[in-house]
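Here the structure comes first, spelled out in structure tokens, and everything after it is commentary.
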Amino acid sequence: MRILVVEDNERVARFIKKGLSEQGHTVDHAESGRDGLFLAATGRYDAVILDRMLPGGIDGLGIVESLRRTEDRTPILILSALAEVDDRIHGLRAGGDDYLTKPFSFGELLARLEALVRRSQHVEIQTALTVADLRIDLLSHKVARGGKPIQLQPREFKLLEFLMRHAGHVVTRTMLLENVWEHHFDPQTNVIDVHISRLRQKIDEGFGRPLLHTVRGIGYRLGLDD
Amino acid sequence: MIRLLPSTSVRLALGYAALFAASSLLLVGFLWWRTEGYLDRQTDAAIKLDSRLIGDQLKNFGLPGAVTAVRERAAAADNGAVYLLAGPELQPLAGNLPKWPEQAAPKPGWYWTDLTRGGALHSVRLRRLALPDGLNLLIGRGLERRAEIRGLIIDALCWTAASALILGIGGGVLVRRAMLRRVEMINSAATAIVRGDLARRVPTRNTADAFDELARTINFMLQQIEQLIEGMRNTSNAVAHDLRTPLAELRARLEELIRVRPAMDATFEEINKAVADIDRVIGVFNALLRLAEIDSGVRRSGFRRVELSELATEVAELYDPLIEEKEAELDVDAPPGLAVNGDPHLLAQAVGNLVDNAVKYAPPHGRVSLRIASADNGQVEIVIADNGPGIADTEKPRVTRRFYRGGISDGKAGIGLGLSVVDAVARLHDGSLYLADNHPGLIASLKLPAPPATDSFPRPTQTDLLRSNPPR
């Protein structure tokens with residue numbers, strides 16, 4: 001993927017650039033709002049990572065608004081040290097697709113960025129999802145692995161659906177909390193882990209190869225382990 | 001402020017005096033107006049009576065009768081009364097004027113005018129009447145008494161004005177002095193507080209006047225500020241302690257890495273642990289920022305109707321596997337129809353924290369209950385009870401303090417902000433958190449005001465926007 005990083009802090013920019021390059025992405029970097037807007041408007045990028053507070057006359061939100069005004073729908077992930085709910089709302093309202101608060105872990109950034117890009121690419125409506133021999137029907141809410149039906153509670157179904165939509169990619173705990181439980185709060189304990197292990201019991205136990213993997217320090221990944 | 005005050009109070013004193021003088025003048029002026037009107041009516045009545053009597057004499061006894069009547073009256077006239085009976089050519093027939101004053105009363109009617117009598121000019125009220133047979137009658141009354149009374153009233157007016165001005169200025173000065181003294185009391189208390197004497201208060205006089213009211217409000221504000229500062233001081237100490245520990249570990253870890261230079265694998269293992277240390281620090285920061293955000297009240301803008309049974313079910317579902325893992329039991333009693341006006345995420349966080357605590361402290365195979373009910377005076381309550389060790393009465397007021405950790409929680413996860421968050425969320429919603437004994441265990445009840453019944457249409461809010469972010 002071609003990714004534009006607009007970030008004025010040299011160390012943070014280098015950290016993101018290096019990490020993304022290692023994942024095989026091509027990264028352009030702009031240090032000021034002006035350069036960032038110029039690159040974003042002229043280059044073809046799969047995604048833009050945008051710091052909110054930038055030198056050079058135009059800040060992150062200004063760039064988002066300018067791009068959206070010209071019907072540019074490139075996925076944008078806003079990166080910011082401003083963490084209050086209002087800041088988040090302003091960022092999303094301006095046209096950002098996701099909002100990540102500094103400090104962040106690279107795993108979280110990558111997982112969210114990839115999810116954004118996937119979302120912008122998947123436009124067709126799906127009625128069923130399949131990963132290896134696991135299949136879920138989005139209309140009848142039926143789940144089966146290797147032809148054998150599995151009973152899931154509604155929330156477990158939602159969790160599995162989210163994991164399957166991002167099959168093969170890492171999803172973080174906060175992504176799950178925000179998207180499956182729609183909560184923007186910190187549940188204090190490892191509740192998500194416990195939900196995952198319960199789901200794992202149902203979809204992996206008694207079947208040959210495990211599908212639901214824990215990615216240490218980052219989150220989970222659904223898919224065949226190879 | 002200090003320099004402004006004297007001029008303010010001088011202005012006040014002068015204004016007070018002016019107002020006092022003006023109102024006195026108004027009063028005396030009104031008195032004059034009424035008195036003058038009364039005197040004028042009396043004069044006119046006397047003239048009318050005279051003219052009627054003389055007219056009657058003329059009718060009954062002819063010209064001689066009228067002449068006699070005029071003569072009698074003219075002889076007895078005092079206070080500058082005027083009587084003159086004249087023939088058709090205005091030649092005087094009887095009366096106390098030597099000559100008909102033609103310019104004073106050219107036609108029959110009423111006049112205010114001046115007549116020269118005895119070499120002096122006198123103000124008079126005159127009435128000229130046309131009598132039968134071409135006779136003319138002139139009757140008048142001097143206005144000396146009126147002038148006298150006017151003089152008296154003007155005198156009174158001057159005296160009143162002067163005394164009003166003096167009293168007004170005096171009163172103003174007194175008021176100013178009294179006001180300044182009260183303001184000075186507040187001022188000196190404020191100055192003392194600025195210098196660091198936070199315990200100082202504005203003295204009150206135990207009256208219900210405006211200054212006492214002000215003093216009490218200021219004292220209440222000072223008490224709040226003192227508590228806030230005290231709270232902040234405690235929090236900073238606690239934060240310093242809670243951050244220092246992971247930072248110290250982090251520092252030691254990194255310094256040891258530099259010193260020992262272990263093998264690659266061991267190095268990465270240590271770096272991993274260092275990142276975990278940093279995450280702990282970030283966790284503390286995030287929790288504090290969240291608390292600050294709740295305390296600031298900005299989240300009120302996202303308030304909407306929150307159905308409590310839904311909320312309880314959601315939270316119960318979120319914590320369900322945790323309860324299962326502990327082989328505990330969770331009873332949920334959440335009848336539909338109870339709602340509050342609030343921030344759904346914060347309320348879920350608060351209830352979640354309470355359930356989390358209950359599950360954490362409940363013994364293996366323990367029982368946790370989550371109950372929603374309407375409470376007294378239009379409130380609803382969310383009650384979470386467990387059968388764990390509970391909290392000692394002496395500890396109860398302390399557990400909502402930031403970073404406070406009860407003796408029992410040693411070794412448990414968390415950073416000691418869980419109940420502070422619940423408390424802050426309760427206060428944000430104008431409710432409160434109560435802790436009671438479950439014999440054994442803890443009953444935590446969150447009492448929140450129920451919204452007015454009419455407010456049943458949820459408005460789209462900021463939190464909706466967060467939710468409407470399409471699923472990824």
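Order determines the names: the first chain of the structure tokens is A, the second B, and so forth; residues in each chain are numbered 1 upward, and ligands are numbered 1 upward as they are shown.
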Each residue of chain A with at least one atom at most 9 Å from chain B should appear once, together with its nearest atom pair and the corresponding distance in Å (one decimal); atoms considered: only C-alpha atoms; ordering: chain, then increasing residue number; output as a tab-separated table.
residue	atom	partner	partner_atom	distance
A:Ala83	CA	B:Leu289	CA	8.2
A:Glu84	CA	B:Glu293	CA	6.9
A:Val85	CA	B:Arg299	CA	7.9
A:Asp86	CA	B:Gln462	CA	8.1
A:Arg88	CA	B:Leu466	CA	8.5
A:Ile89	CA	B:Gln462	CA	6.9
A:Leu92	CA	B:Leu466	CA	8.1
A:Arg93	CA	B:Leu465	CA	8.1
A:Asp97	CA	B:Asn469	CA	7.9
A:Asp98	CA	B:Asn469	CA	8.6
A:Pro103	CA	B:Ile282	CA	7.7
A:Ala115	CA	B:Arg472	CA	6.4
A:Leu116	CA	B:Arg472	CA	7.0
A:Arg118	CA	B:Arg472	CA	8.2
A:Arg119	CA	B:Arg472	CA	5.9
A:Arg155	CA	B:Glu317	CA	8.3
A:Phe162	CA	B:Arg472	CA	7.4
A:Arg165	CA	B:Arg472	CA	7.9
A:His166	CA	B:Arg472	CA	8.2
A:Met175	CA	B:Arg472	CA	8.8
A:Glu178	CA	B:Arg467	CA	8.4
A:Asn179	CA	B:Pro471	CA	6.2
A:Val180	CA	B:Pro471	CA	8.6
A:Trp181	CA	B:Leu318	CA	7.9
A:Glu182	CA	B:Arg467	CA	6.5
A:His183	CA	B:His345	CA	6.2
A:His184	CA	B:His345	CA	6.2
A:Phe185	CA	B:Gln349	CA	6.0
A:Asp186	CA	B:Gln349	CA	7.2
A:Pro187	CA	B:Gly352	CA	6.6
A:Gln188	CA	B:Gly414	CA	6.9
A:Thr189	CA	B:Asp356	CA	7.5
A:Asn190	CA	B:Leu322	CA	8.4
A:Val191	CA	B:Tyr319	CA	6.3
A:Ile192	CA	B:Leu318	CA	8.2
A:Val194	CA	B:Pro321	CA	5.9
A:His195	CA	B:Pro321	CA	6.0
A:Arg198	CA	B:Pro321	CA	7.3
A:Gly217	CA	B:Ala276	CA	9.0
DSSP alpha helix (DSSP H) selection over segment 113-226 of chain A, as an MDAnalysis selection string: chainID A and resid 113:121 154:165 173:179 191:204
Could you check the closest approach to Asn136 of chain B for each of B:Gly109, B:Gly151, B:Gly168, B:Gly15 and tell me which residue wins, using only C-alpha atoms? B:Gly109
Leaving out Glu327 of chain B and any residue of its chain fewer than 4 positions from it, which residues lie within 8 Å of it when counting only C-alpha atoms, given as JSON, numbers by chain? {"B": [323, 364, 365, 366]}
Would you mind exporting the chosen residues as a compact mmCIF listing (two decimals), in the first residue's frame, restricted to N, CA and C atoms?
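After the write, again.txt holds the following:
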# COMPACT_ATOMS: atom_id res chain seq x y z
N ILE B 323 -17.50 -13.92 35.23
CA ILE B 323 -18.22 -14.52 36.35
C ILE B 323 -18.20 -16.04 36.23
N PRO B 364 -14.82 -17.49 45.56
CA PRO B 364 -15.16 -18.50 44.56
C PRO B 364 -16.57 -19.02 44.85
N HIS B 365 -17.33 -19.29 43.82
CA HIS B 365 -18.74 -19.69 43.92
C HIS B 365 -19.57 -18.62 44.63
N GLY B 366 -19.08 -17.39 44.59
CA GLY B 366 -19.80 -16.30 45.27
C GLY B 366 -21.01 -15.84 44.50
Suppose you want the space between atom CA of Lys148 of chain A and atom CA of Tyr220 of chain A; what is it in Å?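 Taking atom CA of Lys148 of chain A and atom CA of Tyr220 of chain A, their separation equals 23.8 Å.
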Counting only C-alpha atoms, what is within 9 Å of Val117 of chain A, bar same-chain residues fewer than 4 positions away, as a compact mmCIF listing (two decimals) with N, CA and C atoms, in the first residue's frame?
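Ended up saving to selection-v6.txt:
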# COMPACT_ATOMS: atom_id res chain seq x y z
N ASP A 46 -3.33 4.99 -0.55
CA ASP A 46 -4.36 4.07 -0.07
C ASP A 46 -4.88 4.51 1.29
N ALA A 47 -4.03 5.24 2.02
CA ALA A 47 -4.45 5.73 3.33
C ALA A 47 -3.55 6.88 3.75
N THR A 74 -10.09 9.05 0.37
CA THR A 74 -8.99 8.26 0.92
C THR A 74 -9.19 8.05 2.43
N PRO A 75 -9.05 6.81 2.92
CA PRO A 75 -9.19 6.59 4.37
C PRO A 75 -8.17 7.41 5.15
N ARG A 112 -5.46 -0.89 12.98
CA ARG A 112 -6.53 0.05 12.65
C ARG A 112 -6.41 0.55 11.21
N LEU A 113 -5.17 0.82 10.79
CA LEU A 113 -4.95 1.32 9.44
C LEU A 113 -5.41 0.29 8.41
N GLN A 121 -12.31 -0.75 0.78
CA GLN A 121 -12.29 -1.56 -0.44
C GLN A 121 -13.52 -2.46 -0.56
N HIS A 122 -13.99 -2.98 0.60
CA HIS A 122 -15.16 -3.86 0.58
C HIS A 122 -16.40 -3.04 0.43
Can you tell me which residues surround Thr43 of chain B at a distance of at most 9 Å, considering only C-alpha atoms, apart from same-chain residues fewer than 2 positions away, and format the answer as a CSV table (one decimal) with C-alpha atoms, in the first residue's frame?
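around-v6.csv was written with the following content:
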chain,number,residue,atom,x,y,z
B,38,TYR,CA,-57.4,76.0,47.4
B,39,LEU,CA,-56.8,79.7,48.1
B,40,ASP,CA,-57.8,80.6,44.5
B,41,ARG,CA,-61.1,78.7,44.8
B,45,ALA,CA,-66.2,81.8,45.9
B,46,ALA,CA,-66.1,85.0,48.0
B,47,ILE,CA,-66.3,87.2,44.9
B,48,LYS,CA,-69.2,85.1,43.6
B,125,ARG,CA,-58.4,88.9,41.4
B,140,GLY,CA,-62.0,92.0,43.6
B,141,ARG,CA,-59.9,90.5,46.3
B,142,GLY,CA,-56.3,91.3,47.1
B,143,LEU,CA,-53.8,88.5,46.7
With distances taken over only C-alpha atoms, which of B:Lys99, B:His122, B:His241, B:Arg176 is nearest to Tyr16 of chain B?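 The closest residue to Tyr16 of chain B is B:Arg176.
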Got a sec: who's within 10 Å of Arg221 of chain A, counting only C-alpha atoms, leaving out chain neighbours fewer than 4 positions off, as an MDAnalysis selection string? chainID A and resid 163:164 166:172 211:215 225
Near Val239 of chain B, within 9 Å and counting only C-alpha atoms, which residues show up once chain neighbours fewer than 3 positions away are dropped, as a ChimeraX atom specification? /B:234-236,242-244,284-285,288,402-403
Let's have the selection written as an mmCIF file, in the first residue's frame, with N, CA and C atoms.
data_model
loop_
_atom_site.group_PDB
_atom_site.id
_atom_site.type_symbol
_atom_site.label_atom_id
_atom_site.label_comp_id
_atom_site.auth_asym_id
_atom_site.auth_seq_id
_atom_site.Cartn_x
_atom_site.Cartn_y
_atom_site.Cartn_z
ATOM 1 N N ASN B 234 -3.463 15.793 47.499
ATOM 2 C CA ASN B 234 -3.446 14.345 47.740
ATOM 3 C C ASN B 234 -3.243 13.587 46.443
ATOM 4 N N THR B 235 -3.981 14.051 45.391
ATOM 5 C CA THR B 235 -3.885 13.363 44.116
ATOM 6 C C THR B 235 -2.473 13.453 43.570
ATOM 7 N N SER B 236 -1.880 14.654 43.632
ATOM 8 C CA SER B 236 -0.522 14.779 43.083
ATOM 9 C C SER B 236 0.429 13.851 43.815
ATOM 10 N N ASP B 242 2.312 6.687 42.282
ATOM 11 C CA ASP B 242 1.934 5.652 41.334
ATOM 12 C C ASP B 242 2.734 5.700 40.050
ATOM 13 N N LEU B 243 3.217 6.885 39.691
ATOM 14 C CA LEU B 243 4.033 6.962 38.486
ATOM 15 C C LEU B 243 5.482 6.639 38.798
ATOM 16 N N ARG B 244 5.912 7.026 40.003
ATOM 17 C CA ARG B 244 7.308 6.830 40.356
ATOM 18 C C ARG B 244 7.663 5.348 40.368
ATOM 19 N N VAL B 284 -2.207 4.978 33.939
ATOM 20 C CA VAL B 284 -2.495 5.917 35.023
ATOM 21 C C VAL B 284 -2.889 7.268 34.435
ATOM 22 N N PHE B 285 -2.116 7.716 33.450
ATOM 23 C CA PHE B 285 -2.413 8.997 32.822
ATOM 24 C C PHE B 285 -3.807 9.015 32.225
ATOM 25 N N LEU B 288 -6.479 9.252 34.772
ATOM 26 C CA LEU B 288 -6.566 10.588 35.360
ATOM 27 C C LEU B 288 -7.227 11.568 34.402
ATOM 28 N N ARG B 402 -9.140 9.354 45.086
ATOM 29 C CA ARG B 402 -8.275 8.933 44.000
ATOM 30 C C ARG B 402 -7.048 8.186 44.508
ATOM 31 N N PHE B 403 -6.772 7.074 43.891
ATOM 32 C CA PHE B 403 -5.602 6.249 44.180
ATOM 33 C C PHE B 403 -5.665 5.564 45.533
#
